[in-house]
file structure_1.cif (mmCIF, N, CA and C atoms)
data_input
loop_
_atom_site.label_atom_id
_atom_site.label_comp_id
_atom_site.auth_asym_id
_atom_site.auth_seq_id
_atom_site.Cartn_x
_atom_site.Cartn_y
_atom_site.Cartn_z
N MET P 27 10.53 11.44 -11.13
CA MET P 27 9.57 10.37 -11.24
C MET P 27 8.43 10.66 -10.28
N CYS P 28 7.21 10.48 -10.76
CA CYS P 28 6.03 10.69 -9.93
C CYS P 28 5.40 9.34 -9.61
N LEU P 29 4.83 9.26 -8.43
CA LEU P 29 4.18 8.03 -8.02
C LEU P 29 2.85 8.37 -7.37
N ALA P 30 1.80 7.74 -7.84
CA ALA P 30 0.49 7.87 -7.22
C ALA P 30 0.13 6.50 -6.64
N VAL P 31 -0.45 6.49 -5.46
CA VAL P 31 -0.70 5.26 -4.74
C VAL P 31 -2.20 5.11 -4.48
N PRO P 32 -2.74 3.91 -4.72
CA PRO P 32 -4.15 3.69 -4.44
C PRO P 32 -4.40 3.45 -2.95
N GLY P 33 -5.51 3.95 -2.48
CA GLY P 33 -5.93 3.72 -1.10
C GLY P 33 -7.44 3.79 -1.02
N ARG P 34 -7.99 3.30 0.09
CA ARG P 34 -9.43 3.26 0.29
C ARG P 34 -9.86 4.41 1.19
N VAL P 35 -10.88 5.15 0.76
CA VAL P 35 -11.41 6.26 1.54
C VAL P 35 -12.15 5.71 2.75
N THR P 36 -11.76 6.15 3.95
CA THR P 36 -12.41 5.66 5.17
C THR P 36 -13.33 6.70 5.80
N SER P 37 -13.09 7.98 5.50
CA SER P 37 -13.98 9.04 5.99
C SER P 37 -13.74 10.28 5.15
N ILE P 38 -14.74 11.15 5.16
CA ILE P 38 -14.64 12.42 4.44
C ILE P 38 -15.23 13.51 5.31
N GLU P 39 -14.50 14.63 5.39
CA GLU P 39 -14.99 15.79 6.11
C GLU P 39 -14.51 17.05 5.40
N SER P 40 -15.44 17.87 4.97
CA SER P 40 -15.14 19.15 4.31
C SER P 40 -14.19 18.99 3.13
N GLY P 41 -14.40 17.97 2.30
CA GLY P 41 -13.59 17.78 1.10
C GLY P 41 -12.23 17.15 1.33
N ILE P 42 -11.97 16.74 2.56
CA ILE P 42 -10.71 16.06 2.89
C ILE P 42 -11.04 14.63 3.31
N ALA P 43 -10.40 13.68 2.65
CA ALA P 43 -10.63 12.27 2.95
C ALA P 43 -9.52 11.71 3.81
N LYS P 44 -9.86 10.80 4.69
CA LYS P 44 -8.87 9.94 5.33
C LYS P 44 -8.79 8.72 4.42
N VAL P 45 -7.59 8.39 3.99
CA VAL P 45 -7.38 7.30 3.05
C VAL P 45 -6.46 6.27 3.68
N ASP P 46 -6.87 5.02 3.63
CA ASP P 46 -6.09 3.92 4.19
C ASP P 46 -5.23 3.31 3.09
N PHE P 47 -3.92 3.29 3.34
CA PHE P 47 -2.95 2.69 2.43
C PHE P 47 -2.37 1.46 3.11
N GLY P 48 -3.16 0.41 3.20
CA GLY P 48 -2.66 -0.83 3.80
C GLY P 48 -2.27 -0.69 5.25
N GLY P 49 -3.08 0.02 6.03
CA GLY P 49 -2.82 0.19 7.45
C GLY P 49 -2.24 1.53 7.82
N ILE P 50 -1.81 2.30 6.86
CA ILE P 50 -1.32 3.65 7.10
C ILE P 50 -2.38 4.62 6.60
N SER P 51 -2.81 5.51 7.46
CA SER P 51 -3.87 6.45 7.10
C SER P 51 -3.29 7.83 6.88
N GLN P 52 -3.67 8.45 5.78
CA GLN P 52 -3.23 9.80 5.44
C GLN P 52 -4.43 10.60 4.94
N GLU P 53 -4.31 11.91 4.98
CA GLU P 53 -5.36 12.75 4.43
C GLU P 53 -5.09 13.02 2.95
N ALA P 54 -6.18 13.16 2.19
CA ALA P 54 -6.08 13.50 0.78
C ALA P 54 -7.18 14.48 0.42
N ASN P 55 -6.81 15.50 -0.30
CA ASN P 55 -7.75 16.50 -0.76
C ASN P 55 -8.57 15.92 -1.91
N LEU P 56 -9.89 16.10 -1.85
CA LEU P 56 -10.79 15.54 -2.87
C LEU P 56 -11.25 16.55 -3.92
N THR P 57 -10.61 17.71 -3.99
CA THR P 57 -11.02 18.73 -4.94
C THR P 57 -11.08 18.20 -6.37
N LEU P 58 -10.14 17.36 -6.76
CA LEU P 58 -10.10 16.85 -8.13
C LEU P 58 -11.02 15.65 -8.35
N VAL P 59 -11.51 15.06 -7.27
CA VAL P 59 -12.39 13.89 -7.36
C VAL P 59 -13.55 14.07 -6.38
N PRO P 60 -14.38 15.09 -6.61
CA PRO P 60 -15.45 15.39 -5.64
C PRO P 60 -16.51 14.30 -5.52
N GLU P 61 -16.59 13.41 -6.50
CA GLU P 61 -17.58 12.33 -6.46
C GLU P 61 -17.16 11.15 -5.59
N ALA P 62 -15.92 11.15 -5.09
CA ALA P 62 -15.44 10.05 -4.25
C ALA P 62 -16.26 9.97 -2.97
N LYS P 63 -16.51 8.74 -2.53
CA LYS P 63 -17.26 8.53 -1.29
C LYS P 63 -16.57 7.48 -0.44
N VAL P 64 -16.99 7.38 0.80
CA VAL P 64 -16.41 6.40 1.72
C VAL P 64 -16.53 5.01 1.10
N GLY P 65 -15.44 4.27 1.14
CA GLY P 65 -15.39 2.92 0.58
C GLY P 65 -14.77 2.88 -0.81
N ASP P 66 -14.71 4.02 -1.50
CA ASP P 66 -14.09 4.07 -2.82
C ASP P 66 -12.58 3.96 -2.70
N TYR P 67 -11.98 3.44 -3.75
CA TYR P 67 -10.53 3.52 -3.89
C TYR P 67 -10.20 4.75 -4.72
N VAL P 68 -9.18 5.48 -4.31
CA VAL P 68 -8.71 6.64 -5.05
C VAL P 68 -7.21 6.54 -5.25
N LEU P 69 -6.74 7.15 -6.31
CA LEU P 69 -5.32 7.23 -6.59
C LEU P 69 -4.85 8.57 -6.03
N VAL P 70 -3.85 8.55 -5.14
CA VAL P 70 -3.41 9.75 -4.44
C VAL P 70 -1.97 10.09 -4.84
N HIS P 71 -1.78 11.36 -5.19
CA HIS P 71 -0.45 11.87 -5.51
C HIS P 71 -0.29 13.23 -4.83
N ALA P 72 0.78 13.39 -4.08
CA ALA P 72 1.12 14.66 -3.43
C ALA P 72 -0.04 15.22 -2.61
N GLY P 73 -0.77 14.33 -1.93
CA GLY P 73 -1.84 14.76 -1.04
C GLY P 73 -3.17 15.03 -1.70
N PHE P 74 -3.26 14.77 -3.01
CA PHE P 74 -4.51 14.97 -3.73
C PHE P 74 -4.99 13.65 -4.34
N ALA P 75 -6.26 13.35 -4.14
CA ALA P 75 -6.87 12.24 -4.87
C ALA P 75 -7.03 12.72 -6.31
N ILE P 76 -6.49 11.98 -7.27
CA ILE P 76 -6.51 12.43 -8.66
C ILE P 76 -7.43 11.58 -9.53
N GLN P 77 -7.89 10.45 -9.00
CA GLN P 77 -8.74 9.57 -9.80
C GLN P 77 -9.39 8.53 -8.91
N ARG P 78 -10.62 8.16 -9.23
CA ARG P 78 -11.25 7.01 -8.57
C ARG P 78 -10.84 5.76 -9.32
N LEU P 79 -10.68 4.66 -8.60
CA LEU P 79 -10.33 3.37 -9.20
C LEU P 79 -11.39 2.35 -8.82
N ASP P 80 -11.62 1.38 -9.71
CA ASP P 80 -12.49 0.30 -9.27
C ASP P 80 -11.68 -0.62 -8.37
N GLU P 81 -12.36 -1.37 -7.55
CA GLU P 81 -11.71 -2.17 -6.52
C GLU P 81 -10.70 -3.16 -7.10
N ALA P 82 -11.06 -3.83 -8.19
CA ALA P 82 -10.16 -4.83 -8.79
C ALA P 82 -8.86 -4.18 -9.27
N GLU P 83 -8.97 -3.02 -9.91
CA GLU P 83 -7.79 -2.32 -10.40
C GLU P 83 -6.90 -1.88 -9.23
N ALA P 84 -7.52 -1.35 -8.18
CA ALA P 84 -6.76 -0.91 -7.00
C ALA P 84 -6.05 -2.09 -6.34
N GLU P 85 -6.77 -3.19 -6.18
CA GLU P 85 -6.16 -4.36 -5.52
C GLU P 85 -5.03 -4.95 -6.35
N GLU P 86 -5.16 -4.93 -7.69
CA GLU P 86 -4.08 -5.41 -8.54
C GLU P 86 -2.85 -4.53 -8.40
N THR P 87 -3.04 -3.22 -8.37
CA THR P 87 -1.92 -2.30 -8.20
C THR P 87 -1.25 -2.51 -6.85
N LEU P 88 -2.05 -2.67 -5.79
CA LEU P 88 -1.48 -2.92 -4.46
C LEU P 88 -0.72 -4.23 -4.41
N ARG P 89 -1.23 -5.26 -5.10
CA ARG P 89 -0.54 -6.55 -5.17
C ARG P 89 0.82 -6.38 -5.86
N LEU P 90 0.85 -5.62 -6.94
CA LEU P 90 2.11 -5.40 -7.65
C LEU P 90 3.10 -4.62 -6.79
N PHE P 91 2.63 -3.61 -6.05
CA PHE P 91 3.51 -2.89 -5.13
C PHE P 91 4.09 -3.84 -4.09
N GLN P 92 3.27 -4.75 -3.58
CA GLN P 92 3.74 -5.72 -2.59
C GLN P 92 4.82 -6.62 -3.18
N GLU P 93 4.60 -7.09 -4.40
CA GLU P 93 5.60 -7.92 -5.06
C GLU P 93 6.92 -7.16 -5.25
N LEU P 94 6.83 -5.89 -5.63
CA LEU P 94 8.05 -5.09 -5.79
C LEU P 94 8.79 -4.94 -4.47
N ALA P 95 8.05 -4.69 -3.40
CA ALA P 95 8.67 -4.54 -2.08
C ALA P 95 9.35 -5.84 -1.66
N GLU P 96 8.69 -6.96 -1.89
CA GLU P 96 9.28 -8.25 -1.52
C GLU P 96 10.53 -8.53 -2.34
N ALA P 97 10.51 -8.22 -3.62
CA ALA P 97 11.68 -8.43 -4.48
C ALA P 97 12.84 -7.53 -4.03
N ALA P 98 12.54 -6.30 -3.67
CA ALA P 98 13.58 -5.39 -3.19
C ALA P 98 14.18 -5.91 -1.88
N ASP P 99 13.34 -6.44 -1.00
CA ASP P 99 13.84 -7.00 0.26
C ASP P 99 14.75 -8.19 -0.01
N ARG P 100 14.35 -9.07 -0.92
CA ARG P 100 15.18 -10.23 -1.25
C ARG P 100 16.52 -9.79 -1.83
N GLU P 101 16.47 -8.81 -2.72
CA GLU P 101 17.70 -8.32 -3.33
C GLU P 101 18.63 -7.71 -2.28
N GLU P 102 18.07 -6.96 -1.35
CA GLU P 102 18.88 -6.36 -0.28
C GLU P 102 19.51 -7.43 0.61
N ARG P 103 18.74 -8.45 0.95
CA ARG P 103 19.30 -9.55 1.77
C ARG P 103 20.44 -10.25 1.04
N GLU P 104 20.26 -10.48 -0.26
CA GLU P 104 21.31 -11.11 -1.06
C GLU P 104 22.55 -10.24 -1.12
N ARG P 105 22.37 -8.95 -1.30
CA ARG P 105 23.49 -8.02 -1.36
C ARG P 105 24.29 -8.04 -0.07
N ARG P 106 23.58 -8.10 1.07
CA ARG P 106 24.25 -8.11 2.37
C ARG P 106 25.04 -9.39 2.61
N ARG P 107 24.59 -10.51 2.02
CA ARG P 107 25.28 -11.78 2.21
C ARG P 107 26.61 -11.83 1.46
N ARG P 108 26.76 -11.04 0.43
CA ARG P 108 27.99 -11.09 -0.39
C ARG P 108 29.15 -10.46 0.29
#
call {"tool": "encode", "arguments": {"input": "structure_1.cif", "output": "structure tokens"}}
result
Amino acid sequence: MCLAVPGRVTSIESGIAKVDFGGISQEANLTLVPEAKVGDYVLVHAGFAIQRLDEAEAEETLRLFQELAEAADREERERRRR
């Protein structure tokens, strides 16, 4: 299973972006998305930005990831109580 995660580009130097994923910053190679600029949202997989996203789409995806994380936490707490 592959997972690509949206994040916001905070800086770019020599084709490498610093991307913020909700407070966690990682580097992403921009070779596949050379038009990305600071402030853009990009979809990152295996260290490569693979697509630019509009802000609304990125925020919706991040909201869904948050909901999944919260549901998993609730399920784990319930499992431990049994």
call {"tool": "closest_residue", "arguments": {"input": "structure_1.cif", "among": "P:Pro32, P:Glu61, P:Ala97, P:Gly41", "to": "Glu83 (chain P)", "atoms": "only N, CA and C atoms"}}
result
P:Pro32
call {"tool": "resolve_selection", "arguments": {"input": "structure_1.cif", "expression": "the PyMOL selection byres ((chain P and resi 47) around 8)", "output": "PyMOL selection string"}}
result
chain P and resi 31-35+44-46+48-52
call {"tool": "select_by_dssp", "arguments": {"input": "structure_1.cif", "residues": "chain P", "states": "helix (DSSP H, G or I)", "output": "list in words"}}
result
Glu81, Ala82, Glu83, Ala84, Glu85, Glu86, Thr87, Leu88, Arg89, Leu90, Phe91, Gln92, Glu93, Leu94, Ala95, Glu96, Ala97, Ala98, Asp99, Arg100, Glu101, Glu102, Arg103, Glu104, Arg105, Arg106 and Arg107 of chain P
call {"tool": "select_by_dssp", "arguments": {"input": "structure_1.cif", "residues": "region 31-102 of chain P", "states": "strand (DSSP E)", "output": "NGL selection string"}}
result
:P and (31-39 or 42-47 or 50-55 or 67-71 or 74-79)
call {"tool": "atom_distance", "arguments": {"input": "structure_1.cif", "atom1": "CA of Ala98 (chain P)", "atom2": "CA of His71 (chain P)"}}
result
22.4 Å
call {"tool": "atom_distance", "arguments": {"input": "structure_1.cif", "atom1": "CA of Arg89 (chain P)", "atom2": "CA of Ala75 (chain P)"}}
result
19.8 Å
call {"tool": "atom_distance", "arguments": {"input": "structure_1.cif", "atom1": "atom N of Lys63 (chain P)", "atom2": "CA of Ile38 (chain P)"}}
result
8.1 Å
call {"tool": "residues_near_point", "arguments": {"input": "structure_1.cif", "point": "(-12.3, 19.7, -3.1)", "cutoff": "7 Å", "atoms": "all atoms listed in the file", "output": "short mmCIF file (atom, residue, chain, number, x, y, z; two decimals) with N, CA and C atoms, in the coordinates of the input"}}
result
data_model
loop_
_atom_site.label_atom_id
_atom_site.label_comp_id
_atom_site.auth_asym_id
_atom_site.auth_seq_id
_atom_site.Cartn_x
_atom_site.Cartn_y
_atom_site.Cartn_z
N SER P 40 -15.44 17.87 4.97
CA SER P 40 -15.14 19.15 4.31
C SER P 40 -14.19 18.99 3.13
N GLY P 41 -14.40 17.97 2.30
CA GLY P 41 -13.59 17.78 1.10
C GLY P 41 -12.23 17.15 1.33
N ILE P 42 -11.97 16.74 2.56
CA ILE P 42 -10.71 16.06 2.89
C ILE P 42 -11.04 14.63 3.31
N ASN P 55 -6.81 15.50 -0.30
CA ASN P 55 -7.75 16.50 -0.76
C ASN P 55 -8.57 15.92 -1.91
N LEU P 56 -9.89 16.10 -1.85
CA LEU P 56 -10.79 15.54 -2.87
C LEU P 56 -11.25 16.55 -3.92
N THR P 57 -10.61 17.71 -3.99
CA THR P 57 -11.02 18.73 -4.94
C THR P 57 -11.08 18.20 -6.37
N LEU P 58 -10.14 17.36 -6.76
CA LEU P 58 -10.10 16.85 -8.13
C LEU P 58 -11.02 15.65 -8.35
N VAL P 59 -11.51 15.06 -7.27
CA VAL P 59 -12.39 13.89 -7.36
C VAL P 59 -13.55 14.07 -6.38
N PRO P 60 -14.38 15.09 -6.61
CA PRO P 60 -15.45 15.39 -5.64
C PRO P 60 -16.51 14.30 -5.52
#
call {"tool": "resolve_selection", "arguments": {"input": "structure_1.cif", "expression": "the PyMOL selection byres ((chain P and resi 78) around 8)", "output": "MDAnalysis selection string"}}
result
chainID P and resid 58:59 61:62 66:70 75:77 79:81 84
call {"tool": "axis_aligned_box", "arguments": {"input": "structure_1.cif", "around": "region 67-72 of chain P", "padding_each_side": "8 Å", "output": "JSON"}}
result
{"center_x": -5.4, "center_y": 9.3, "center_z": -4.6, "size_x": 29.1, "size_y": 27.8, "size_z": 20.0}
